[in-house]
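**Student:** Coordinates in work-v5.cif, mmCIF, all heavy atoms, are listed below.
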```
data_entry
loop_
_atom_site.label_atom_id
_atom_site.label_comp_id
_atom_site.auth_asym_id
_atom_site.auth_seq_id
_atom_site.Cartn_x
_atom_site.Cartn_y
_atom_site.Cartn_z
N MET A 1 -5.60 -8.48 11.40
CA MET A 1 -6.28 -8.64 10.14
C MET A 1 -5.29 -9.20 9.12
O MET A 1 -4.21 -8.67 8.92
CB MET A 1 -6.80 -7.27 9.69
CG MET A 1 -7.28 -7.24 8.28
SD MET A 1 -8.20 -5.73 7.90
CE MET A 1 -6.93 -4.74 7.18
N GLY A 2 -5.64 -10.31 8.52
CA GLY A 2 -4.79 -10.88 7.49
C GLY A 2 -4.85 -10.07 6.22
O GLY A 2 -5.88 -9.47 5.92
N THR A 3 -3.76 -10.02 5.53
CA THR A 3 -3.75 -9.26 4.28
C THR A 3 -3.37 -10.18 3.13
O THR A 3 -2.82 -11.25 3.32
CB THR A 3 -2.76 -8.09 4.34
OG1 THR A 3 -1.45 -8.61 4.60
CG2 THR A 3 -3.13 -7.10 5.41
N HIS A 4 -3.65 -9.71 1.96
CA HIS A 4 -3.31 -10.43 0.74
C HIS A 4 -2.04 -9.82 0.16
O HIS A 4 -1.67 -8.68 0.47
CB HIS A 4 -4.46 -10.30 -0.27
CG HIS A 4 -5.71 -10.97 0.19
ND1 HIS A 4 -5.93 -12.31 0.03
CD2 HIS A 4 -6.82 -10.49 0.82
CE1 HIS A 4 -7.11 -12.63 0.53
NE2 HIS A 4 -7.66 -11.54 1.01
N PRO A 5 -1.35 -10.57 -0.70
CA PRO A 5 -0.12 -10.05 -1.31
C PRO A 5 -0.30 -8.69 -1.98
O PRO A 5 0.57 -7.83 -1.89
CB PRO A 5 0.27 -11.13 -2.33
CG PRO A 5 -0.27 -12.38 -1.73
CD PRO A 5 -1.58 -11.97 -1.09
N LEU A 6 -1.44 -8.47 -2.62
CA LEU A 6 -1.67 -7.18 -3.27
C LEU A 6 -1.74 -6.05 -2.24
O LEU A 6 -1.20 -4.97 -2.45
CB LEU A 6 -2.94 -7.23 -4.11
CG LEU A 6 -3.29 -5.97 -4.89
CD1 LEU A 6 -2.12 -5.45 -5.72
CD2 LEU A 6 -4.50 -6.21 -5.78
N ASP A 7 -2.35 -6.32 -1.10
CA ASP A 7 -2.38 -5.32 -0.02
C ASP A 7 -0.97 -4.96 0.43
O ASP A 7 -0.64 -3.80 0.63
CB ASP A 7 -3.16 -5.84 1.19
CG ASP A 7 -4.63 -6.04 0.91
OD1 ASP A 7 -5.24 -5.14 0.31
OD2 ASP A 7 -5.16 -7.08 1.31
N GLU A 8 -0.14 -5.98 0.58
CA GLU A 8 1.24 -5.76 1.03
C GLU A 8 2.02 -4.95 -0.01
O GLU A 8 2.78 -4.05 0.33
CB GLU A 8 1.94 -7.10 1.29
CG GLU A 8 1.32 -7.90 2.41
CD GLU A 8 1.46 -7.24 3.77
OE1 GLU A 8 2.52 -6.64 4.04
OE2 GLU A 8 0.51 -7.33 4.57
N ALA A 9 1.85 -5.29 -1.27
CA ALA A 9 2.56 -4.56 -2.33
C ALA A 9 2.17 -3.08 -2.32
O ALA A 9 3.02 -2.20 -2.47
CB ALA A 9 2.26 -5.19 -3.70
N ILE A 10 0.89 -2.81 -2.13
CA ILE A 10 0.43 -1.43 -2.08
C ILE A 10 0.99 -0.72 -0.84
O ILE A 10 1.49 0.39 -0.93
CB ILE A 10 -1.12 -1.38 -2.10
CG1 ILE A 10 -1.62 -1.85 -3.47
CG2 ILE A 10 -1.62 0.03 -1.78
CD1 ILE A 10 -3.10 -2.13 -3.52
N GLU A 11 0.91 -1.39 0.30
CA GLU A 11 1.38 -0.78 1.54
C GLU A 11 2.86 -0.42 1.48
O GLU A 11 3.28 0.63 1.95
CB GLU A 11 1.13 -1.72 2.72
CG GLU A 11 1.56 -1.14 4.04
CD GLU A 11 1.20 -2.02 5.22
OE1 GLU A 11 0.44 -2.98 5.07
OE2 GLU A 11 1.70 -1.72 6.31
N PHE A 12 3.66 -1.30 0.88
CA PHE A 12 5.10 -1.07 0.82
C PHE A 12 5.54 -0.38 -0.47
O PHE A 12 6.72 -0.35 -0.80
CB PHE A 12 5.86 -2.38 1.05
CG PHE A 12 5.69 -2.88 2.46
CD1 PHE A 12 4.82 -3.92 2.74
CD2 PHE A 12 6.38 -2.28 3.50
CE1 PHE A 12 4.64 -4.36 4.04
CE2 PHE A 12 6.21 -2.72 4.80
CZ PHE A 12 5.34 -3.76 5.07
N ARG A 13 4.55 0.17 -1.18
CA ARG A 13 4.80 0.99 -2.37
C ARG A 13 5.60 0.27 -3.46
O ARG A 13 6.48 0.83 -4.08
CB ARG A 13 5.48 2.30 -1.97
CG ARG A 13 4.68 3.03 -0.90
CD ARG A 13 5.34 4.27 -0.49
NE ARG A 13 4.60 5.34 -1.16
CZ ARG A 13 4.93 6.59 -1.14
NH1 ARG A 13 5.98 6.97 -0.49
NH2 ARG A 13 4.21 7.48 -1.76
N LYS A 14 5.27 -0.99 -3.66
CA LYS A 14 5.90 -1.80 -4.70
C LYS A 14 4.98 -1.81 -5.92
O LYS A 14 4.21 -2.73 -6.15
CB LYS A 14 6.16 -3.24 -4.20
CG LYS A 14 7.00 -3.32 -2.96
CD LYS A 14 8.39 -2.80 -3.22
CE LYS A 14 9.26 -2.94 -1.99
NZ LYS A 14 10.59 -2.44 -2.20
N ARG A 15 5.05 -0.71 -6.66
CA ARG A 15 4.09 -0.49 -7.75
C ARG A 15 4.14 -1.57 -8.83
O ARG A 15 3.10 -2.04 -9.28
CB ARG A 15 4.35 0.88 -8.37
CG ARG A 15 3.34 1.22 -9.41
CD ARG A 15 3.58 2.57 -9.99
NE ARG A 15 2.52 2.84 -10.94
CZ ARG A 15 2.01 4.00 -11.15
NH1 ARG A 15 2.45 5.04 -10.50
NH2 ARG A 15 1.05 4.17 -12.04
N GLU A 16 5.33 -1.98 -9.24
CA GLU A 16 5.42 -2.99 -10.30
C GLU A 16 4.80 -4.31 -9.85
O GLU A 16 4.10 -4.97 -10.62
CB GLU A 16 6.88 -3.21 -10.70
CG GLU A 16 7.48 -2.04 -11.45
CD GLU A 16 8.93 -2.27 -11.82
OE1 GLU A 16 9.42 -3.41 -11.73
OE2 GLU A 16 9.58 -1.28 -12.21
N ILE A 17 5.03 -4.68 -8.60
CA ILE A 17 4.46 -5.92 -8.08
C ILE A 17 2.94 -5.79 -7.98
O ILE A 17 2.21 -6.71 -8.36
CB ILE A 17 5.08 -6.27 -6.71
CG1 ILE A 17 6.57 -6.57 -6.88
CG2 ILE A 17 4.34 -7.44 -6.05
CD1 ILE A 17 7.34 -6.70 -5.59
N ALA A 18 2.47 -4.65 -7.48
CA ALA A 18 1.02 -4.43 -7.37
C ALA A 18 0.37 -4.49 -8.75
O ALA A 18 -0.69 -5.12 -8.91
CB ALA A 18 0.74 -3.09 -6.69
N ASP A 19 0.97 -3.85 -9.74
CA ASP A 19 0.43 -3.88 -11.10
C ASP A 19 0.37 -5.30 -11.64
O ASP A 19 -0.62 -5.72 -12.24
CB ASP A 19 1.25 -3.00 -12.04
CG ASP A 19 1.09 -1.52 -11.78
OD1 ASP A 19 0.11 -1.14 -11.08
OD2 ASP A 19 1.93 -0.75 -12.25
N TYR A 20 1.44 -6.06 -11.41
CA TYR A 20 1.49 -7.46 -11.86
C TYR A 20 0.36 -8.27 -11.21
O TYR A 20 -0.35 -9.01 -11.88
CB TYR A 20 2.85 -8.08 -11.54
CG TYR A 20 2.90 -9.55 -11.85
CD1 TYR A 20 3.17 -9.99 -13.14
CD2 TYR A 20 2.66 -10.50 -10.86
CE1 TYR A 20 3.20 -11.35 -13.43
CE2 TYR A 20 2.69 -11.85 -11.14
CZ TYR A 20 2.96 -12.27 -12.42
OH TYR A 20 2.98 -13.61 -12.72
N LEU A 21 0.23 -8.11 -9.89
CA LEU A 21 -0.80 -8.87 -9.18
C LEU A 21 -2.20 -8.49 -9.66
O LEU A 21 -3.06 -9.37 -9.84
CB LEU A 21 -0.67 -8.64 -7.67
CG LEU A 21 0.57 -9.26 -7.03
CD1 LEU A 21 0.73 -8.78 -5.60
CD2 LEU A 21 0.52 -10.78 -7.10
N ARG A 22 -2.45 -7.21 -9.88
CA ARG A 22 -3.76 -6.78 -10.37
C ARG A 22 -4.06 -7.39 -11.73
O ARG A 22 -5.17 -7.86 -11.99
CB ARG A 22 -3.81 -5.26 -10.49
CG ARG A 22 -4.03 -4.56 -9.19
CD ARG A 22 -4.27 -3.06 -9.44
NE ARG A 22 -4.21 -2.34 -8.20
CZ ARG A 22 -3.24 -1.50 -7.85
NH1 ARG A 22 -2.24 -1.27 -8.66
NH2 ARG A 22 -3.28 -0.88 -6.69
N LYS A 23 -3.07 -7.38 -12.62
CA LYS A 23 -3.27 -7.90 -13.98
C LYS A 23 -3.48 -9.41 -13.99
O LYS A 23 -4.04 -9.95 -14.93
CB LYS A 23 -2.07 -7.55 -14.86
CG LYS A 23 -2.00 -6.09 -15.20
CD LYS A 23 -0.74 -5.78 -15.99
CE LYS A 23 -0.61 -4.28 -16.21
NZ LYS A 23 0.67 -3.93 -16.85
N ASN A 24 -3.00 -10.08 -12.94
CA ASN A 24 -3.08 -11.54 -12.91
C ASN A 24 -4.04 -12.06 -11.85
O ASN A 24 -3.87 -13.16 -11.33
CB ASN A 24 -1.68 -12.11 -12.70
CG ASN A 24 -0.82 -11.90 -13.92
OD1 ASN A 24 -0.95 -12.61 -14.90
ND2 ASN A 24 0.03 -10.89 -13.90
N GLY A 25 -5.05 -11.26 -11.53
CA GLY A 25 -6.12 -11.73 -10.66
C GLY A 25 -5.88 -11.56 -9.17
O GLY A 25 -6.61 -12.16 -8.38
N GLY A 26 -4.90 -10.77 -8.79
CA GLY A 26 -4.66 -10.55 -7.36
C GLY A 26 -5.88 -9.89 -6.72
O GLY A 26 -6.55 -9.07 -7.33
N ILE A 27 -6.17 -10.30 -5.51
CA ILE A 27 -7.31 -9.73 -4.81
C ILE A 27 -6.84 -8.92 -3.62
O ILE A 27 -5.76 -9.12 -3.09
CB ILE A 27 -8.32 -10.81 -4.36
CG1 ILE A 27 -7.63 -11.83 -3.45
CG2 ILE A 27 -8.96 -11.48 -5.54
CD1 ILE A 27 -8.57 -12.79 -2.79
N GLN A 28 -7.68 -7.99 -3.22
CA GLN A 28 -7.38 -7.13 -2.10
C GLN A 28 -8.41 -7.37 -1.00
O GLN A 28 -9.57 -7.60 -1.28
CB GLN A 28 -7.49 -5.66 -2.50
CG GLN A 28 -6.43 -5.24 -3.47
CD GLN A 28 -6.68 -3.83 -3.94
OE1 GLN A 28 -7.19 -3.64 -5.01
NE2 GLN A 28 -6.31 -2.86 -3.14
N LYS A 29 -7.95 -7.32 0.22
CA LYS A 29 -8.86 -7.42 1.35
C LYS A 29 -9.24 -6.04 1.85
O LYS A 29 -10.34 -5.80 2.29
CB LYS A 29 -8.23 -8.23 2.48
CG LYS A 29 -9.18 -8.52 3.60
CD LYS A 29 -8.62 -9.54 4.55
CE LYS A 29 -9.68 -9.90 5.58
NZ LYS A 29 -9.26 -11.01 6.39
N ARG A 30 -8.31 -5.10 1.78
CA ARG A 30 -8.56 -3.75 2.27
C ARG A 30 -9.41 -2.98 1.29
O ARG A 30 -9.35 -3.18 0.08
CB ARG A 30 -7.24 -3.01 2.44
CG ARG A 30 -6.40 -3.59 3.53
CD ARG A 30 -5.17 -2.76 3.71
NE ARG A 30 -4.36 -3.34 4.76
CZ ARG A 30 -3.05 -3.25 4.81
NH1 ARG A 30 -2.41 -2.59 3.89
NH2 ARG A 30 -2.39 -3.81 5.79
N THR A 31 -10.15 -2.03 1.81
CA THR A 31 -10.91 -1.14 0.95
C THR A 31 -10.01 0.01 0.51
O THR A 31 -8.94 0.23 1.10
CB THR A 31 -12.12 -0.56 1.70
OG1 THR A 31 -11.64 0.25 2.77
CG2 THR A 31 -13.03 -1.65 2.22
N SER A 32 -10.44 0.75 -0.46
CA SER A 32 -9.62 1.86 -0.95
C SER A 32 -9.42 2.91 0.14
O SER A 32 -8.37 3.55 0.19
CB SER A 32 -10.24 2.47 -2.20
OG SER A 32 -11.55 2.92 -1.93
N ILE A 33 -10.38 3.10 1.03
CA ILE A 33 -10.22 4.07 2.12
C ILE A 33 -9.11 3.60 3.06
O ILE A 33 -8.27 4.39 3.48
CB ILE A 33 -11.55 4.24 2.90
CG1 ILE A 33 -12.63 4.84 2.02
CG2 ILE A 33 -11.34 5.07 4.16
CD1 ILE A 33 -12.35 6.25 1.54
N GLU A 34 -9.09 2.31 3.36
CA GLU A 34 -8.03 1.79 4.22
C GLU A 34 -6.67 1.94 3.56
O GLU A 34 -5.69 2.27 4.21
CB GLU A 34 -8.30 0.32 4.56
CG GLU A 34 -9.48 0.14 5.50
CD GLU A 34 -9.86 -1.32 5.65
OE1 GLU A 34 -9.80 -2.06 4.65
OE2 GLU A 34 -10.21 -1.70 6.78
N GLN A 35 -6.59 1.72 2.26
CA GLN A 35 -5.33 1.87 1.54
C GLN A 35 -4.87 3.32 1.59
O GLN A 35 -3.69 3.59 1.79
CB GLN A 35 -5.48 1.43 0.09
CG GLN A 35 -5.66 -0.05 -0.06
CD GLN A 35 -6.03 -0.42 -1.48
OE1 GLN A 35 -6.08 0.42 -2.36
NE2 GLN A 35 -6.28 -1.69 -1.71
N LEU A 36 -5.79 4.24 1.40
CA LEU A 36 -5.45 5.65 1.46
C LEU A 36 -4.90 6.01 2.84
O LEU A 36 -3.91 6.72 2.95
CB LEU A 36 -6.67 6.51 1.14
CG LEU A 36 -6.47 8.02 1.19
CD1 LEU A 36 -5.38 8.46 0.23
CD2 LEU A 36 -7.77 8.73 0.89
N ASN A 37 -5.52 5.51 3.88
CA ASN A 37 -5.04 5.77 5.24
C ASN A 37 -3.63 5.23 5.44
O ASN A 37 -2.80 5.89 6.07
CB ASN A 37 -6.00 5.18 6.28
CG ASN A 37 -7.27 5.98 6.40
OD1 ASN A 37 -7.29 7.17 6.12
ND2 ASN A 37 -8.34 5.32 6.82
N VAL A 38 -3.34 4.06 4.91
CA VAL A 38 -1.99 3.49 5.02
C VAL A 38 -0.99 4.40 4.32
O VAL A 38 0.07 4.71 4.87
CB VAL A 38 -1.94 2.06 4.43
CG1 VAL A 38 -0.50 1.60 4.26
CG2 VAL A 38 -2.70 1.10 5.32
N LEU A 39 -1.31 4.83 3.11
CA LEU A 39 -0.40 5.71 2.38
C LEU A 39 -0.19 7.03 3.11
O LEU A 39 0.93 7.55 3.15
CB LEU A 39 -0.92 5.96 0.96
CG LEU A 39 -0.88 4.76 0.04
CD1 LEU A 39 -1.55 5.10 -1.28
CD2 LEU A 39 0.54 4.28 -0.19
N LEU A 40 -1.24 7.58 3.69
CA LEU A 40 -1.11 8.82 4.45
C LEU A 40 -0.22 8.62 5.68
O LEU A 40 0.57 9.49 6.02
CB LEU A 40 -2.48 9.35 4.85
CG LEU A 40 -3.33 9.89 3.72
CD1 LEU A 40 -4.74 10.20 4.21
CD2 LEU A 40 -2.71 11.12 3.10
N GLN A 41 -0.34 7.49 6.35
CA GLN A 41 0.50 7.20 7.51
C GLN A 41 1.95 7.09 7.10
O GLN A 41 2.84 7.62 7.78
CB GLN A 41 0.05 5.91 8.19
CG GLN A 41 -1.25 6.03 8.92
CD GLN A 41 -1.78 4.70 9.41
OE1 GLN A 41 -1.17 3.66 9.17
NE2 GLN A 41 -2.90 4.73 10.09
N VAL A 42 2.23 6.41 6.00
CA VAL A 42 3.60 6.27 5.51
C VAL A 42 4.18 7.64 5.18
O VAL A 42 5.30 7.97 5.57
CB VAL A 42 3.66 5.35 4.27
CG1 VAL A 42 5.00 5.42 3.58
CG2 VAL A 42 3.32 3.93 4.66
N HIS A 43 3.40 8.46 4.48
CA HIS A 43 3.86 9.80 4.11
C HIS A 43 4.12 10.64 5.36
O HIS A 43 5.12 11.35 5.45
CB HIS A 43 2.81 10.48 3.22
CG HIS A 43 3.20 11.84 2.77
ND1 HIS A 43 4.22 12.05 1.86
CD2 HIS A 43 2.74 13.06 3.12
CE1 HIS A 43 4.35 13.36 1.68
NE2 HIS A 43 3.46 13.98 2.43
N SER A 44 3.24 10.54 6.33
CA SER A 44 3.38 11.31 7.57
C SER A 44 4.66 10.91 8.31
O SER A 44 5.39 11.76 8.81
CB SER A 44 2.16 11.09 8.46
OG SER A 44 2.32 11.73 9.68
N LYS A 45 4.94 9.61 8.37
CA LYS A 45 6.15 9.13 9.05
C LYS A 45 7.40 9.64 8.34
O LYS A 45 8.37 10.01 8.98
CB LYS A 45 6.15 7.61 9.11
CG LYS A 45 5.16 7.04 10.08
CD LYS A 45 5.17 5.53 10.05
CE LYS A 45 4.08 4.97 10.94
NZ LYS A 45 4.02 3.51 10.89
N LYS A 46 7.39 9.65 7.02
CA LYS A 46 8.55 10.12 6.27
C LYS A 46 8.79 11.61 6.51
O LYS A 46 9.91 12.04 6.65
CB LYS A 46 8.37 9.85 4.77
CG LYS A 46 8.55 8.41 4.41
CD LYS A 46 8.45 8.21 2.92
CE LYS A 46 8.68 6.76 2.57
NZ LYS A 46 8.66 6.53 1.15
N ARG A 47 7.70 12.39 6.57
CA ARG A 47 7.84 13.83 6.82
C ARG A 47 8.42 14.08 8.22
O ARG A 47 9.23 14.96 8.40
CB ARG A 47 6.49 14.52 6.67
CG ARG A 47 6.03 14.57 5.22
CD ARG A 47 4.82 15.39 5.09
NE ARG A 47 5.18 16.78 5.36
CZ ARG A 47 4.37 17.78 5.28
NH1 ARG A 47 3.13 17.58 4.93
NH2 ARG A 47 4.75 19.02 5.53
N LYS A 48 8.00 13.29 9.19
CA LYS A 48 8.49 13.47 10.57
C LYS A 48 9.98 13.16 10.65
O LYS A 48 10.71 13.80 11.38
CB LYS A 48 7.71 12.59 11.53
CG LYS A 48 6.31 13.09 11.80
CD LYS A 48 5.57 12.18 12.75
CE LYS A 48 4.14 12.66 12.94
NZ LYS A 48 3.36 11.75 13.80
N ARG A 49 10.44 12.16 9.89
CA ARG A 49 11.86 11.79 9.91
C ARG A 49 12.73 12.89 9.33
O ARG A 49 13.86 13.05 9.71
CB ARG A 49 12.09 10.51 9.13
CG ARG A 49 11.71 9.29 9.92
CD ARG A 49 12.15 8.05 9.19
NE ARG A 49 10.97 7.26 8.94
CZ ARG A 49 10.82 6.42 7.96
NH1 ARG A 49 11.77 6.23 7.09
NH2 ARG A 49 9.70 5.75 7.79
N ARG A 50 12.20 13.64 8.36
CA ARG A 50 12.98 14.70 7.71
C ARG A 50 13.19 15.90 8.62
O ARG A 50 14.12 16.66 8.45
CB ARG A 50 12.28 15.16 6.44
CG ARG A 50 12.40 14.20 5.32
CD ARG A 50 11.87 14.84 4.06
NE ARG A 50 10.97 13.89 3.42
CZ ARG A 50 10.06 14.20 2.53
NH1 ARG A 50 9.90 15.45 2.19
NH2 ARG A 50 9.30 13.29 2.00
N CYS A 51 12.31 16.10 9.59
CA CYS A 51 12.38 17.28 10.45
C CYS A 51 13.47 17.16 11.49
O CYS A 51 13.96 16.25 11.88
CB CYS A 51 11.05 17.52 11.15
SG CYS A 51 9.73 17.91 9.98
#
```
Before anything else, please render the file you have as structure tokens.
**Tutor:**
Amino acid sequence: MGTHPLDEAIEFRKREIADYLRKNGGIQKRTSIEQLNVLLQVHSKKRKRRC
């Protein structure tokens, strides 16, 4: 699945870039549910590394 720059910024937790893209017409391909799942996966991986 191809993604848009805004999707990538969200996935890699680049908040300033995501905010900039949103303010300047950036579009997203993923739905908010898909974004939430990505964030949960990232959080889960980080927790596993700490153990």
**Student:** Find the distance between atom N of A:Phe12 and atom CG2 of A:Val38 and write it in Å to one decimal.
**Tutor:**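 Between atom N of A:Phe12 and atom CG2 of A:Val38 the gap is 8.1 Å.
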**Student:** Can you work out the spacing between atom CD2 of A:His4 and atom O of A:Val42 in Å, to one decimal?
**Tutor:**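 Interatomic distance here is 22.6 Å.
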**Student:** What is the atom CA of A:Ala9 to atom CA of A:Asn24 distance in Å?
**Tutor:**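 Separation between atom CA of A:Ala9 and atom CA of A:Asn24: 13.9 Å.
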**Student:** Which residues fall under the PyMOL selection byres (((chain A and resi 28 and name CA) around 9) and name CA) in this file, as number ranges by chain?
**Tutor:** A: 3-7, 26-27, 29-31
**Student:** Find the smallest box with edges along x, y and z containing every listed atom of stretch 6-25 of chain A, then add 8 Å on each side and report centre and edge lengths in Å to one decimal, as JSON.
**Tutor:**
```
{"center_x": 2.0, "center_y": -3.1, "center_z": -5.3, "size_x": 33.2, "size_y": 37.1, "size_z": 39.2}
```
